[in-house]
Structures are given as structure tokens and as C-alpha cells.
>>> print(open('work-v2.csv').read())   # CSV, C-alpha atoms and all ligand atoms
chain,number,residue,atom,x,y,z
A,1,MET,CA,11.0,-12.4,-20.2
A,2,LYS,CA,12.7,-9.5,-18.5
A,3,PHE,CA,12.9,-9.7,-14.7
A,4,MET,CA,14.6,-8.1,-11.7
A,5,VAL,CA,15.0,-9.1,-8.1
A,6,THR,CA,15.1,-6.7,-5.1
A,7,SER,CA,16.2,-7.5,-1.6
A,8,ARG,CA,15.4,-6.2,1.9
A,9,GLY,CA,19.1,-5.9,2.3
A,10,ASP,CA,19.8,-8.4,5.1
A,11,ASP,CA,22.2,-11.3,4.5
A,12,VAL,CA,19.4,-14.0,4.1
A,13,SER,CA,17.5,-11.9,1.6
A,14,ASN,CA,20.6,-10.9,-0.4
A,15,THR,CA,21.7,-14.5,-0.7
A,16,LEU,CA,18.3,-15.5,-1.9
A,17,GLN,CA,18.2,-12.6,-4.3
A,18,GLN,CA,21.5,-13.7,-5.9
A,19,ARG,CA,20.3,-17.3,-6.2
A,20,ILE,CA,17.0,-16.4,-7.9
A,21,LYS,CA,18.9,-14.2,-10.3
A,22,ARG,CA,21.3,-16.9,-11.2
A,23,TYR,CA,18.6,-19.5,-11.6
A,24,LEU,CA,16.5,-17.3,-13.9
A,25,LEU,CA,19.5,-16.3,-16.0
A,26,ASP,CA,20.3,-20.0,-16.4
A,27,PHE,CA,16.8,-20.5,-17.6
A,28,GLY,CA,17.5,-18.0,-20.3
A,29,LEU,CA,15.5,-15.0,-18.9
A,30,SER,CA,17.1,-11.6,-19.1
A,31,TYR,CA,17.9,-9.3,-16.2
A,32,ASP,CA,16.6,-5.8,-16.7
A,33,ASP,CA,16.1,-3.4,-13.8
A,34,GLU,CA,15.0,-0.5,-16.0
A,35,LYS,CA,12.0,-2.2,-17.7
A,36,PRO,CA,11.3,-5.5,-16.0
A,37,GLU,CA,8.2,-7.4,-16.8
A,38,MET,CA,8.5,-9.4,-13.6
A,39,VAL,CA,9.7,-7.9,-10.3
A,40,ILE,CA,10.5,-10.4,-7.6
A,41,THR,CA,11.0,-9.1,-4.1
A,42,VAL,CA,12.8,-10.8,-1.3
A,43,GLY,CA,12.1,-9.6,2.3
A,44,GLY,CA,8.7,-8.7,3.4
A,45,ASP,CA,5.8,-6.4,2.6
A,46,GLY,CA,8.0,-3.4,3.1
A,47,THR,CA,10.3,-4.6,0.3
A,48,LEU,CA,7.3,-5.1,-2.0
A,49,LEU,CA,5.9,-1.7,-1.2
A,50,GLN,CA,9.3,-0.2,-2.1
A,51,ALA,CA,9.5,-2.1,-5.4
A,52,PHE,CA,5.9,-1.0,-6.2
A,53,HIS,CA,6.9,2.6,-5.8
A,54,ASP,CA,10.1,2.1,-7.8
A,55,TYR,CA,8.1,0.9,-10.8
A,56,SER,CA,4.8,2.8,-10.2
A,57,ASP,CA,5.3,4.6,-13.6
A,58,ARG,CA,5.0,1.3,-15.5
A,59,LEU,CA,2.4,-0.7,-13.6
A,60,GLU,CA,0.7,-1.9,-16.8
A,61,ASP,CA,3.8,-3.7,-17.9
A,62,THR,CA,5.0,-5.1,-14.5
A,63,ALA,CA,3.9,-8.1,-12.5
A,64,PHE,CA,5.0,-8.4,-8.9
A,65,VAL,CA,5.7,-11.5,-6.8
A,66,GLY,CA,7.1,-11.5,-3.3
A,67,ILE,CA,9.1,-13.9,-1.1
A,68,HIS,CA,9.2,-13.3,2.6
A,69,THR,CA,12.2,-14.0,4.7
A,70,GLY,CA,11.0,-13.9,8.3
A,71,HIS,CA,8.5,-11.1,7.9
A,72,LEU,CA,4.8,-11.1,7.8
A,73,GLY,CA,4.5,-11.2,4.0
A,74,PHE,CA,0.9,-10.3,3.4
A,75,TYR,CA,1.8,-9.4,-0.2
A,76,ALA,CA,5.1,-11.4,-0.2
A,77,ASP,CA,3.5,-14.8,0.1
A,78,TRP,CA,6.2,-17.2,-1.0
A,79,VAL,CA,8.7,-18.7,1.5
A,80,PRO,CA,12.4,-19.3,0.9
A,81,ASP,CA,12.0,-23.1,0.8
A,82,GLU,CA,9.8,-22.7,-2.3
A,83,VAL,CA,12.3,-20.7,-4.3
A,84,GLU,CA,13.2,-23.6,-6.7
A,85,LYS,CA,9.5,-24.2,-7.4
A,86,LEU,CA,8.9,-20.5,-7.9
A,87,VAL,CA,11.7,-20.0,-10.4
A,88,ILE,CA,10.6,-23.0,-12.4
A,89,HIS,CA,7.1,-21.5,-12.4
A,90,ILE,CA,8.4,-18.1,-13.5
A,91,ALA,CA,10.6,-19.5,-16.3
A,92,LYS,CA,8.4,-22.3,-17.6
A,93,THR,CA,4.7,-21.9,-16.9
A,94,PRO,CA,2.2,-19.3,-18.0
A,95,TYR,CA,1.0,-17.4,-14.9
A,96,GLN,CA,-2.1,-15.6,-14.0
A,97,ILE,CA,-2.3,-12.0,-13.1
A,98,VAL,CA,-4.5,-10.7,-10.3
A,99,GLU,CA,-5.1,-7.0,-10.2
A,100,TYR,CA,-5.7,-5.0,-7.0
A,101,PRO,CA,-7.1,-1.5,-6.8
A,102,LEU,CA,-4.9,1.4,-5.8
A,103,LEU,CA,-5.4,4.8,-4.0
A,104,GLU,CA,-4.8,8.0,-5.9
A,105,VAL,CA,-3.8,11.0,-3.7
A,106,VAL,CA,-3.5,14.5,-5.0
A,107,ILE,CA,-1.8,16.9,-2.7
A,108,ARG,CA,-2.1,20.7,-3.1
A,109,GLN,CA,0.2,22.9,-1.0
A,110,GLU,CA,-0.1,26.4,0.2
A,111,GLY,CA,1.8,28.8,-2.1
A,112,MET,CA,2.4,26.2,-4.8
A,113,ALA,CA,0.8,26.3,-8.2
A,114,ASN,CA,1.3,22.6,-9.0
A,115,SER,CA,-0.3,19.7,-7.3
A,116,GLU,CA,1.5,16.4,-6.8
A,117,ARG,CA,0.0,13.0,-7.4
A,118,HIS,CA,0.9,9.8,-5.6
A,119,LEU,CA,-0.3,6.2,-5.8
A,120,ALA,CA,-0.6,4.1,-2.7
A,121,LEU,CA,-0.7,0.3,-2.5
A,122,ASN,CA,-1.6,0.3,1.2
A,123,GLU,CA,-2.7,3.8,2.4
A,124,CYS,CA,-2.2,7.5,2.9
A,125,THR,CA,-2.3,9.0,6.3
A,126,ILE,CA,-2.6,12.6,7.4
A,127,LYS,CA,-1.6,13.8,10.9
A,128,SER,CA,-0.7,17.1,12.4
A,129,ILE,CA,2.7,17.7,14.0
A,130,GLY,CA,1.9,19.0,17.4
A,131,GLY,CA,-1.8,19.5,18.3
A,132,SER,CA,-4.9,18.0,16.9
A,133,LEU,CA,-5.6,17.8,13.2
A,134,VAL,CA,-8.7,19.8,12.3
A,135,SER,CA,-9.8,19.0,8.8
A,136,THR,CA,-13.0,19.3,6.8
A,137,ILE,CA,-14.0,16.2,4.9
A,138,ASP,CA,-15.9,16.6,1.7
A,139,ILE,CA,-17.3,13.5,0.0
A,140,LYS,CA,-18.2,13.8,-3.7
A,141,GLY,CA,-18.1,17.5,-3.5
A,142,GLU,CA,-20.4,17.8,-0.5
A,143,PRO,CA,-19.3,18.8,3.0
A,144,PHE,CA,-19.5,15.7,5.2
A,145,GLU,CA,-18.0,16.6,8.6
A,146,VAL,CA,-15.3,18.5,10.4
A,147,PHE,CA,-12.8,16.0,11.9
A,148,ARG,CA,-10.8,16.8,15.0
A,149,GLY,CA,-8.4,14.3,16.4
A,150,ASP,CA,-5.0,12.6,15.7
A,151,GLY,CA,-5.4,12.0,12.0
A,152,LEU,CA,-7.1,10.1,9.2
A,153,CYS,CA,-6.1,7.0,7.2
A,154,VAL,CA,-7.4,6.4,3.7
A,155,SER,CA,-6.6,2.8,2.6
A,156,THR,CA,-6.9,0.5,-0.4
A,157,PRO,CA,-8.7,-2.9,0.0
A,158,SER,CA,-5.3,-4.8,0.1
A,159,GLY,CA,-4.0,-2.1,2.5
A,160,SER,CA,-7.1,-2.6,4.7
A,161,THR,CA,-5.2,-5.3,6.7
A,162,ALA,CA,-2.3,-2.9,7.4
A,163,TYR,CA,-2.6,0.4,9.3
A,164,ASN,CA,-6.4,0.5,8.7
A,165,LYS,CA,-6.9,-2.7,10.6
A,166,ALA,CA,-5.1,-1.3,13.7
A,167,LEU,CA,-7.6,1.6,13.6
A,168,GLY,CA,-10.6,-0.7,13.7
A,169,GLY,CA,-11.3,-0.5,10.0
A,170,ALA,CA,-12.9,-3.3,8.1
A,171,ILE,CA,-11.0,-5.8,6.0
A,172,LEU,CA,-12.1,-5.3,2.4
A,173,HIS,CA,-11.8,-7.8,-0.4
A,174,PRO,CA,-9.6,-6.4,-3.3
A,175,SER,CA,-12.3,-7.2,-5.8
A,176,LEU,CA,-14.2,-4.2,-4.3
A,177,ALA,CA,-12.7,-1.2,-6.1
A,178,SER,CA,-13.0,1.2,-3.2
A,179,ILE,CA,-11.2,3.2,-0.6
A,180,GLN,CA,-11.7,3.3,3.2
A,181,ILE,CA,-11.5,6.3,5.5
A,182,ALA,CA,-10.6,5.4,9.1
A,183,GLU,CA,-10.3,7.9,12.0
A,184,MET,CA,-7.4,8.1,14.4
A,185,ALA,CA,-8.7,9.0,17.8
A,186,SER,CA,-11.4,11.5,16.9
A,187,ILE,CA,-12.6,14.0,19.5
A,188,ASN,CA,-16.3,13.4,20.1
A,189,ASN,CA,-18.3,15.4,22.6
A,190,ARG,CA,-21.1,18.0,22.8
A,191,VAL,CA,-19.0,20.4,20.8
A,192,TYR,CA,-17.2,18.2,18.2
A,193,ARG,CA,-18.8,15.4,16.3
A,194,THR,CA,-17.6,13.0,13.6
A,195,VAL,CA,-19.4,9.9,12.2
A,196,GLY,CA,-17.0,7.7,14.2
A,197,SER,CA,-17.3,4.7,11.8
A,198,PRO,CA,-14.9,3.9,9.0
A,199,LEU,CA,-16.4,4.8,5.6
A,200,VAL,CA,-16.0,2.8,2.4
A,201,LEU,CA,-16.2,4.8,-0.8
A,202,PRO,CA,-16.8,3.3,-4.2
A,203,GLN,CA,-15.0,4.3,-7.4
A,204,HIS,CA,-15.5,7.9,-8.5
A,205,HIS,CA,-16.5,9.0,-5.0
A,206,THR,CA,-13.7,11.5,-4.2
A,207,CYS,CA,-12.9,12.6,-0.7
A,208,LEU,CA,-11.3,15.9,-0.1
A,209,LEU,CA,-9.5,16.7,3.2
A,210,LYS,CA,-8.8,20.3,3.9
A,211,PRO,CA,-6.8,21.0,7.1
A,212,LEU,CA,-8.2,24.1,8.8
A,213,ASN,CA,-5.8,24.9,11.6
A,214,ASP,CA,-2.5,26.4,10.9
A,215,VAL,CA,-0.3,23.5,11.9
A,216,ASP,CA,2.4,21.5,10.1
A,217,ILE,CA,1.0,18.4,8.6
A,218,GLN,CA,2.6,15.0,8.1
A,219,VAL,CA,1.5,12.9,5.2
A,220,THR,CA,2.5,9.3,4.7
A,221,VAL,CA,2.1,7.3,1.6
A,222,ASP,CA,2.7,3.6,2.3
A,223,HIS,CA,6.1,3.3,3.9
A,224,TYR,CA,7.3,6.8,3.2
A,225,THR,CA,6.7,10.1,4.9
A,226,LEU,CA,6.4,13.3,3.0
A,227,GLU,CA,8.1,16.3,4.6
A,228,HIS,CA,6.2,18.5,7.0
A,229,ARG,CA,4.4,21.0,4.9
A,230,ARG,CA,1.5,23.4,4.7
A,231,ILE,CA,-1.2,21.3,3.0
A,232,LYS,CA,-4.1,23.1,1.3
A,233,SER,CA,-5.9,19.9,0.4
A,234,LEU,CA,-5.6,16.1,0.0
A,235,GLN,CA,-7.8,14.6,-2.6
A,236,CYS,CA,-8.3,10.8,-2.5
A,237,ARG,CA,-10.1,8.4,-4.8
A,238,VAL,CA,-9.7,4.9,-6.4
A,239,ALA,CA,-7.0,5.2,-8.9
A,240,GLU,CA,-7.4,4.4,-12.6
A,241,GLU,CA,-4.2,2.3,-12.4
A,242,LYS,CA,-4.1,-1.1,-10.7
A,243,VAL,CA,-1.2,-3.2,-9.4
A,244,ARG,CA,-0.6,-6.6,-11.0
A,245,PHE,CA,0.5,-9.6,-9.0
A,246,ALA,CA,1.8,-12.8,-10.7
A,247,ARG,CA,-0.1,-15.8,-9.3
A,248,PHE,CA,1.4,-19.3,-9.8
A,249,ARG,CA,-1.1,-21.0,-7.5
A,250,PRO,CA,-4.4,-20.1,-6.0
A,251,PHE,CA,-4.1,-18.2,-2.8
A,252,PRO,CA,-7.4,-16.6,-2.0
A,253,PHE,CA,-7.5,-13.3,-0.2
A,254,TRP,CA,-9.4,-14.7,2.8
A,255,LYS,CA,-7.0,-17.6,3.2
A,256,ARG,CA,-4.2,-15.0,3.2
A,257,VAL,CA,-6.1,-13.0,5.9
A,258,ARG,CA,-6.6,-16.1,8.0
A,259,GLU,CA,-3.0,-17.2,7.7
A,260,SER,CA,-1.7,-13.7,8.5
A,261,PHE,CA,-3.9,-13.0,11.5
A,262,ILE,CA,-5.4,-16.1,12.9
A,263,ARG,CA,-3.1,-19.0,12.3
A,264,GLU,CA,-1.0,-20.5,9.5
B,301,LIG,P1,6.6,-2.0,9.0
B,301,LIG,O1,6.7,-1.2,10.3
B,301,LIG,O2,7.5,-3.1,8.9
B,301,LIG,O3,5.1,-2.5,8.8
B,301,LIG,C1,4.3,-2.9,9.8
B,301,LIG,C2,3.8,-4.3,9.5
B,301,LIG,O4,2.7,-4.2,8.5
B,301,LIG,C3,4.8,-5.3,9.0
B,301,LIG,O5,4.6,-6.5,9.7
B,301,LIG,C4,4.4,-5.4,7.5
B,301,LIG,O6,4.8,-6.7,7.0
B,301,LIG,C5,2.9,-5.3,7.6
B,301,LIG,N1,2.2,-4.9,6.4
B,301,LIG,C6,2.5,-4.1,5.4
B,301,LIG,N2,1.6,-4.1,4.5
B,301,LIG,C7,0.6,-4.9,4.9
B,301,LIG,C8,-0.7,-5.3,4.4
B,301,LIG,N3,-1.2,-4.8,3.3
B,301,LIG,N4,-1.4,-6.1,5.2
B,301,LIG,C9,-1.0,-6.6,6.3
B,301,LIG,N5,0.2,-6.3,6.8
B,301,LIG,C10,1.0,-5.5,6.2
B,301,LIG,O7,6.8,-1.0,7.8
B,301,LIG,P2,6.7,-1.3,6.2
B,301,LIG,O8,7.1,-2.8,6.1
B,301,LIG,O9,7.5,-0.3,5.5
B,301,LIG,O10,5.2,-1.2,5.9
B,301,LIG,C11,4.6,0.1,5.8
B,301,LIG,C12,3.2,-0.1,6.3
B,301,LIG,O11,3.2,-0.2,7.7
B,301,LIG,C13,2.3,1.1,6.1
B,301,LIG,O12,1.8,1.1,4.8
B,301,LIG,C14,1.3,0.9,7.1
B,301,LIG,O13,0.1,0.2,6.6
B,301,LIG,C15,1.9,0.0,8.2
B,301,LIG,N6,1.9,0.7,9.5
B,301,LIG,C16,1.0,0.2,10.4
B,301,LIG,C17,0.9,0.8,11.6
B,301,LIG,C18,-0.1,0.2,12.6
B,301,LIG,O14,-0.6,-0.9,12.4
B,301,LIG,N7,-0.3,0.8,13.8
B,301,LIG,C19,1.5,2.0,11.9
B,301,LIG,C20,2.3,2.6,10.9
B,301,LIG,C21,2.5,1.9,9.7
B,301,LIG,P3,6.3,-7.1,6.7
B,301,LIG,O15,6.8,-7.5,8.1
B,301,LIG,O16,6.2,-8.3,5.8
B,301,LIG,O17,7.0,-5.9,6.1
B,302,MN,MN,8.3,-4.2,7.1
>>> encode(input="work-v2.csv", output="C-alpha cells", more="lines below")
Ligand code: NAP
Ligand code: MN
Amino acid sequence: MKFMVTSRGDDVSNTLQQRIKRYLLDFGLSYDDEKPEMVITVGGDGTLLQAFHDYSDRLEDTAFVGIHTGHLGFYADWVPDEVEKLVIHIAKTPYQIVEYPLLEVVIRQEGMANSERHLALNECTIKSIGGSLVSTIDIKGEPFEVFRGDGLCVSTPSGSTAYNKALGGAILHPSLASIQIAEMASINNRVYRTVGSPLVLPQHHTCLLKPLNDVDIQVTVDHYTLEHRRIKSLQCRVAEEKVRFARFRPFPFWKRVRESFIRE
């Protein structure tokens, strides 16, 4: 099997990265950072998000597994003490694959013929730079509301425990192929009105955001920020692609939620 190992870049993660690489080479696996079948990340969720984006053009052939070195590690759920056990698992035992849904975002810009397509593992957010964001929200081709406020967050089920959670969104199980729209500080009064609750859309229900006011918009996709630009529309839906995680032991989603947010 072809594998590669990424690191968050700190000393602890780098040392662990080298150890894992050495162990797996000793077991006869081959290192290939062009077309790895297994991507092992050492650091935290941020490291896993980065690796996901590095290999997002070959998700069907890639399985991810994460080790966390002192970070939350919602996705990166192995700890450094378990590294020997993990490498033996990787080298010797058949593993299970669990697939999680992703978010597809298509961005159309003012004065540009081509649209750009992104995949998010956690979420996409849209905010204005200076002033409120005013945006129409269409769902499944029908006008739903005009949003006025700080911004909007559209998340995947596995991303629902990240930014979405801070916005009062629900935590969704990743077996629900869906996306969730959460508001950031909407303006609600006699004049302006939004639904106020987070919305969960199933597969094939596309939501289209069209900023109305002439402000620069900031769009984020997971850990990266796209440059300030004039956005014509942002189209979000459940992606056809899925992310694949290698599972060497059962670690149910709700247990992961409990251990991340209530107690270990
Ligand atoms: P970061 O600032 O280190 O991330 C913030 C925290 O979110 C970290 O503790 C990170 O874990 C954790 N995290 C990432 N994905 C998660 C998930 N699916 N469920 C639960 N926790 C998760 O930046 P980053 O590591 O590059 O991560 C980018 C993410 O930060 C974005 O996708 C967004 O969801 C999140 N974020 C949250 C807020 C907020 O809650 N107000 C604001 C901006 C961005 P690690 O420590 O293991 O990396
Ligand atoms: Mn982080």
C-alpha cells in the first residue's frame, strides 16, 4: 500500500511523522506523496483539513487517518501513545472505511465567465468586509428570504461540530447526507425578517446565496479564506464526492462528540 504522512509542523508532530514513516517503510509499505492510498496526518483537525484539500482531486482512492498532538482532534482521533498500535493496524490488518458527506460550493464572480468549484469538509462561510451582508437565499430554485446580518455558514454534518456549533446550529450525524445553513447575527425587526433557525437541507436541495449590496465579500472554505471579491452567487449543495476515513476500531460519532465537548 502507498502512504504518506503530513505534520502540523511543530517539533512533536514532526518527530512523530518521521517515526510513522520509518515504521511503515520497515513494514514494506511504500511512501508516495503523489498518489497515496492512505494519508496519515499528525497535528490536529487543521492538519487533516489541509491534507483533505491537498488530495481532494483523488478522494475515491484515498483514506485519511489522523493523530492529534495536543489539539482537539475531532477528525484526528488517535493519540501519540497509540502510534505503534496504529502502524501495525495500517500495515497488517484490513481496515474499514467510513464515508462522510461533503459540501459542494460553486462561486460565480462579477465579470468572470467561469465559475469555480470547491469542496468543503467542514463548512463554507460568507461575510461582508465592512457593513452588513445583505443576501437573497433561494432554496431549490425558490426565493426563501433576504438575509441581513454578519454572515452565513453552510456546513457538512461532520463540520456541524465546528463553526456551525458556535452559531447555535445542530449537531448532525454524518449518515445524514445533508447541509446546514446557520445565521451569523441576523438583523430581525419590523423591517427585516429572517427565519432565525438553522436549516437542514437534504441531498439535491440546492441553496443559492446572492449578495445584494455592493460590498466586498469574504468567503471561507474550511481553513482557508478566498480573497475579497465581488461575488455574484454562491451555490451550495451536498457534493457527489465523499471523504473516506480509515477506521481500525469502532469510534461512533456520538462518542466522539461526547469526548470532544462533554468529557473524555
Ligand atoms: P482553528 O482555529 O485551529 O480551529 C478551531 C477549532 O476547531 C480547533 O480546536 C479545531 O481542532 C476545531 N475543529 C476543526 N474542525 C472541527 C470539527 N469538524 N468539529 C469540531 N471541532 C473542529 O483552525 P483550523 O484548525 O484550521 O480549523 C478550521 C476550522 O475552524 C473551520 O473549518 C471552522 O469550522 C473553525 N472555526 C470556528 C470558529 C468558531 O467556532 N467561532 C471560527 C472560525 C473557524 P484542532 O485544534 O484539532 O485543529
Ligand atoms: Mn487547528
>>> closest_atom_pairs(input="work-v2.csv", of="segment 150-207 of chain A", to="segment 232-235 of chain A", cutoff="12 Å", atoms="only C-alpha atoms", output="tab-separated table")
residue	atom	partner	partner_atom	distance
A:Leu152	CA	A:Leu234	CA	11.1
A:Cys153	CA	A:Leu234	CA	11.6
A:Val154	CA	A:Gln235	CA	10.3
A:His204	CA	A:Gln235	CA	11.8
A:His205	CA	A:Gln235	CA	10.6
A:Thr206	CA	A:Gln235	CA	6.9
A:Cys207	CA	A:Gln235	CA	5.8
>>> closest_residue(input="work-v2.csv", among="A:Leu212, A:Val105, A:Tyr224, A:His89", to="ligand MN 302 (chain B)", atoms="only C-alpha atoms and all ligand atoms")
A:Tyr224
>>> closest_atom_pairs(input="work-v2.csv", of="chain A", to="ligand MN 302 (chain B)", cutoff="12 Å", atoms="only C-alpha atoms and all ligand atoms", output="Markdown table")
| residue | atom | partner | partner_atom | distance |
| --- | --- | --- | --- | --- |
| A:Arg8 | CA | B:MN302 | MN | 9.0 |
| A:Gly9 | CA | B:MN302 | MN | 11.9 |
| A:Val42 | CA | B:MN302 | MN | 11.6 |
| A:Gly43 | CA | B:MN302 | MN | 8.2 |
| A:Gly44 | CA | B:MN302 | MN | 5.8 |
| A:Asp45 | CA | B:MN302 | MN | 5.6 |
| A:Gly46 | CA | B:MN302 | MN | 4.1 |
| A:Thr47 | CA | B:MN302 | MN | 7.1 |
| A:Leu48 | CA | B:MN302 | MN | 9.2 |
| A:Leu49 | CA | B:MN302 | MN | 9.0 |
| A:Gln50 | CA | B:MN302 | MN | 10.1 |
| A:His68 | CA | B:MN302 | MN | 10.2 |
| A:Thr69 | CA | B:MN302 | MN | 10.8 |
| A:Gly70 | CA | B:MN302 | MN | 10.1 |
| A:His71 | CA | B:MN302 | MN | 6.9 |
| A:Leu72 | CA | B:MN302 | MN | 7.8 |
| A:Gly73 | CA | B:MN302 | MN | 8.5 |
| A:Phe74 | CA | B:MN302 | MN | 10.3 |
| A:Tyr75 | CA | B:MN302 | MN | 11.1 |
| A:Ala76 | CA | B:MN302 | MN | 10.7 |
| A:Ala162 | CA | B:MN302 | MN | 10.7 |
| A:Asp222 | CA | B:MN302 | MN | 10.7 |
| A:His223 | CA | B:MN302 | MN | 8.4 |
| A:Tyr224 | CA | B:MN302 | MN | 11.7 |
>>> atom_distance(input="work-v2.csv", atom1="atom CA of Lys85 of chain A", atom2="atom CA of Val12 of chain A")
18.3 Å
>>> closest_atom_pairs(input="work-v2.csv", of="segment 183-228 of chain A", to="segment 117-126 of chain A", cutoff="9 Å", atoms="only C-alpha atoms", output="CSV")
residue,atom,partner,partner_atom,distance
A:Ile217,CA,A:Ile126,CA,6.9
A:Gln218,CA,A:Ile126,CA,5.8
A:Val219,CA,A:Ile126,CA,4.7
A:Thr220,CA,A:Thr125,CA,5.1
A:Val221,CA,A:Cys124,CA,4.5
A:Asp222,CA,A:Glu123,CA,5.4
A:His223,CA,A:Asn122,CA,8.7
>>> closest_residue(input="work-v2.csv", among="A:Gly131, A:Thr156, A:Phe144, A:Leu199", to="Gly168 of chain A", atoms="only C-alpha atoms")
A:Leu199
>>> closest_residue(input="work-v2.csv", among="A:Ala246, A:Thr194, A:Trp78, A:Arg258", to="Ser135 of chain A", atoms="all atoms listed in the file")
A:Thr194
>>> residues_around(input="work-v2.csv", residues="segment 239-241 of chain A", least_positions_apart="6", cutoff="8 Å", atoms="only C-alpha atoms", output="list of chain:residue names")
A:Leu59, A:Glu60, A:Pro101, A:Leu102, A:Leu103, A:Glu104, A:Leu119
>>> write_last_selection(input="work-v2.csv", atoms="C-alpha atoms", output="PDB file, in the frame of the given file")
ATOM      1  CA  LEU A  59       2.400  -0.700 -13.600  1.00  0.00           C
ATOM      2  CA  GLU A  60       0.700  -1.900 -16.800  1.00  0.00           C
ATOM      3  CA  PRO A 101      -7.100  -1.500  -6.800  1.00  0.00           C
ATOM      4  CA  LEU A 102      -4.900   1.400  -5.800  1.00  0.00           C
ATOM      5  CA  LEU A 103      -5.400   4.800  -4.000  1.00  0.00           C
ATOM      6  CA  GLU A 104      -4.800   8.000  -5.900  1.00  0.00           C
ATOM      7  CA  LEU A 119      -0.300   6.200  -5.800  1.00  0.00           C
TER       8      LEU A 119
END
>>> closest_residue(input="work-v2.csv", among="A:Tyr55, A:Tyr31, A:Phe147, A:Tyr100", to="ligand LIG 301 (chain B)", atoms="only C-alpha atoms and all ligand atoms")
A:Tyr100
>>> build_atoms(input="work-v2.csv", residues="segment 89-111 of chain A", atoms="N, CA and C atoms", output="mmCIF file, in the frame of the given file")
data_model
loop_
_atom_site.group_PDB
_atom_site.id
_atom_site.type_symbol
_atom_site.label_atom_id
_atom_site.label_comp_id
_atom_site.auth_asym_id
_atom_site.auth_seq_id
_atom_site.Cartn_x
_atom_site.Cartn_y
_atom_site.Cartn_z
ATOM 1 N N HIS A 89 8.348 -22.114 -12.026
ATOM 2 C CA HIS A 89 7.100 -21.500 -12.400
ATOM 3 C C HIS A 89 7.283 -20.286 -13.280
ATOM 4 N N ILE A 90 8.148 -19.397 -12.799
ATOM 5 C CA ILE A 90 8.400 -18.100 -13.500
ATOM 6 C C ILE A 90 8.920 -18.369 -14.900
ATOM 7 N N ALA A 91 9.879 -19.308 -14.982
ATOM 8 C CA ALA A 91 10.600 -19.500 -16.300
ATOM 9 C C ALA A 91 9.734 -20.373 -17.217
ATOM 10 N N LYS A 92 8.941 -21.300 -16.679
ATOM 11 C CA LYS A 92 8.400 -22.300 -17.600
ATOM 12 C C LYS A 92 6.850 -22.276 -17.740
ATOM 13 N N THR A 93 6.140 -21.734 -16.782
ATOM 14 C CA THR A 93 4.700 -21.900 -16.900
ATOM 15 C C THR A 93 4.014 -20.516 -17.090
ATOM 16 N N PRO A 94 2.934 -20.535 -17.839
ATOM 17 C CA PRO A 94 2.200 -19.300 -18.000
ATOM 18 C C PRO A 94 1.584 -18.969 -16.587
ATOM 19 N N TYR A 95 1.558 -17.707 -16.251
ATOM 20 C CA TYR A 95 1.000 -17.400 -14.900
ATOM 21 C C TYR A 95 -0.195 -16.498 -15.066
ATOM 22 N N GLN A 96 -0.945 -16.473 -13.987
ATOM 23 C CA GLN A 96 -2.100 -15.600 -14.000
ATOM 24 C C GLN A 96 -1.769 -14.296 -13.353
ATOM 25 N N ILE A 97 -2.531 -13.318 -13.719
ATOM 26 C CA ILE A 97 -2.300 -12.000 -13.100
ATOM 27 C C ILE A 97 -3.569 -11.658 -12.312
ATOM 28 N N VAL A 98 -3.369 -11.239 -11.073
ATOM 29 C CA VAL A 98 -4.500 -10.700 -10.300
ATOM 30 C C VAL A 98 -4.237 -9.196 -10.161
ATOM 31 N N GLU A 99 -5.277 -8.421 -10.317
ATOM 32 C CA GLU A 99 -5.100 -7.000 -10.200
ATOM 33 C C GLU A 99 -5.820 -6.472 -8.953
ATOM 34 N N TYR A 100 -5.152 -5.589 -8.236
ATOM 35 C CA TYR A 100 -5.700 -5.000 -7.000
ATOM 36 C C TYR A 100 -5.869 -3.484 -7.234
ATOM 37 N N PRO A 101 -6.917 -2.907 -6.666
ATOM 38 C CA PRO A 101 -7.100 -1.500 -6.800
ATOM 39 C C PRO A 101 -6.052 -0.666 -5.979
ATOM 40 N N LEU A 102 -5.814 0.546 -6.423
ATOM 41 C CA LEU A 102 -4.900 1.400 -5.800
ATOM 42 C C LEU A 102 -5.580 2.735 -5.353
ATOM 43 N N LEU A 103 -4.927 3.482 -4.487
ATOM 44 C CA LEU A 103 -5.400 4.800 -4.000
ATOM 45 C C LEU A 103 -4.670 5.885 -4.755
ATOM 46 N N GLU A 104 -5.404 6.853 -5.283
ATOM 47 C CA GLU A 104 -4.800 8.000 -5.900
ATOM 48 C C GLU A 104 -4.877 9.183 -4.862
ATOM 49 N N VAL A 105 -3.762 9.841 -4.592
ATOM 50 C CA VAL A 105 -3.800 11.000 -3.700
ATOM 51 C C VAL A 105 -3.208 12.192 -4.414
ATOM 52 N N VAL A 106 -3.962 13.268 -4.422
ATOM 53 C CA VAL A 106 -3.500 14.500 -5.000
ATOM 54 C C VAL A 106 -3.293 15.517 -3.895
ATOM 55 N N ILE A 107 -2.069 16.006 -3.740
ATOM 56 C CA ILE A 107 -1.800 16.900 -2.700
ATOM 57 C C ILE A 107 -1.574 18.344 -3.232
ATOM 58 N N ARG A 108 -2.310 19.276 -2.663
ATOM 59 C CA ARG A 108 -2.100 20.700 -3.100
ATOM 60 C C ARG A 108 -1.531 21.412 -1.842
ATOM 61 N N GLN A 109 -0.490 22.193 -2.109
ATOM 62 C CA GLN A 109 0.200 22.900 -1.000
ATOM 63 C C GLN A 109 0.002 24.376 -1.083
ATOM 64 N N GLU A 110 0.006 24.969 0.105
ATOM 65 C CA GLU A 110 -0.100 26.400 0.200
ATOM 66 C C GLU A 110 1.053 27.059 -0.577
ATOM 67 N N GLY A 111 0.737 28.033 -1.369
ATOM 68 C CA GLY A 111 1.800 28.800 -2.100
ATOM 69 C C GLY A 111 2.434 28.047 -3.229
#
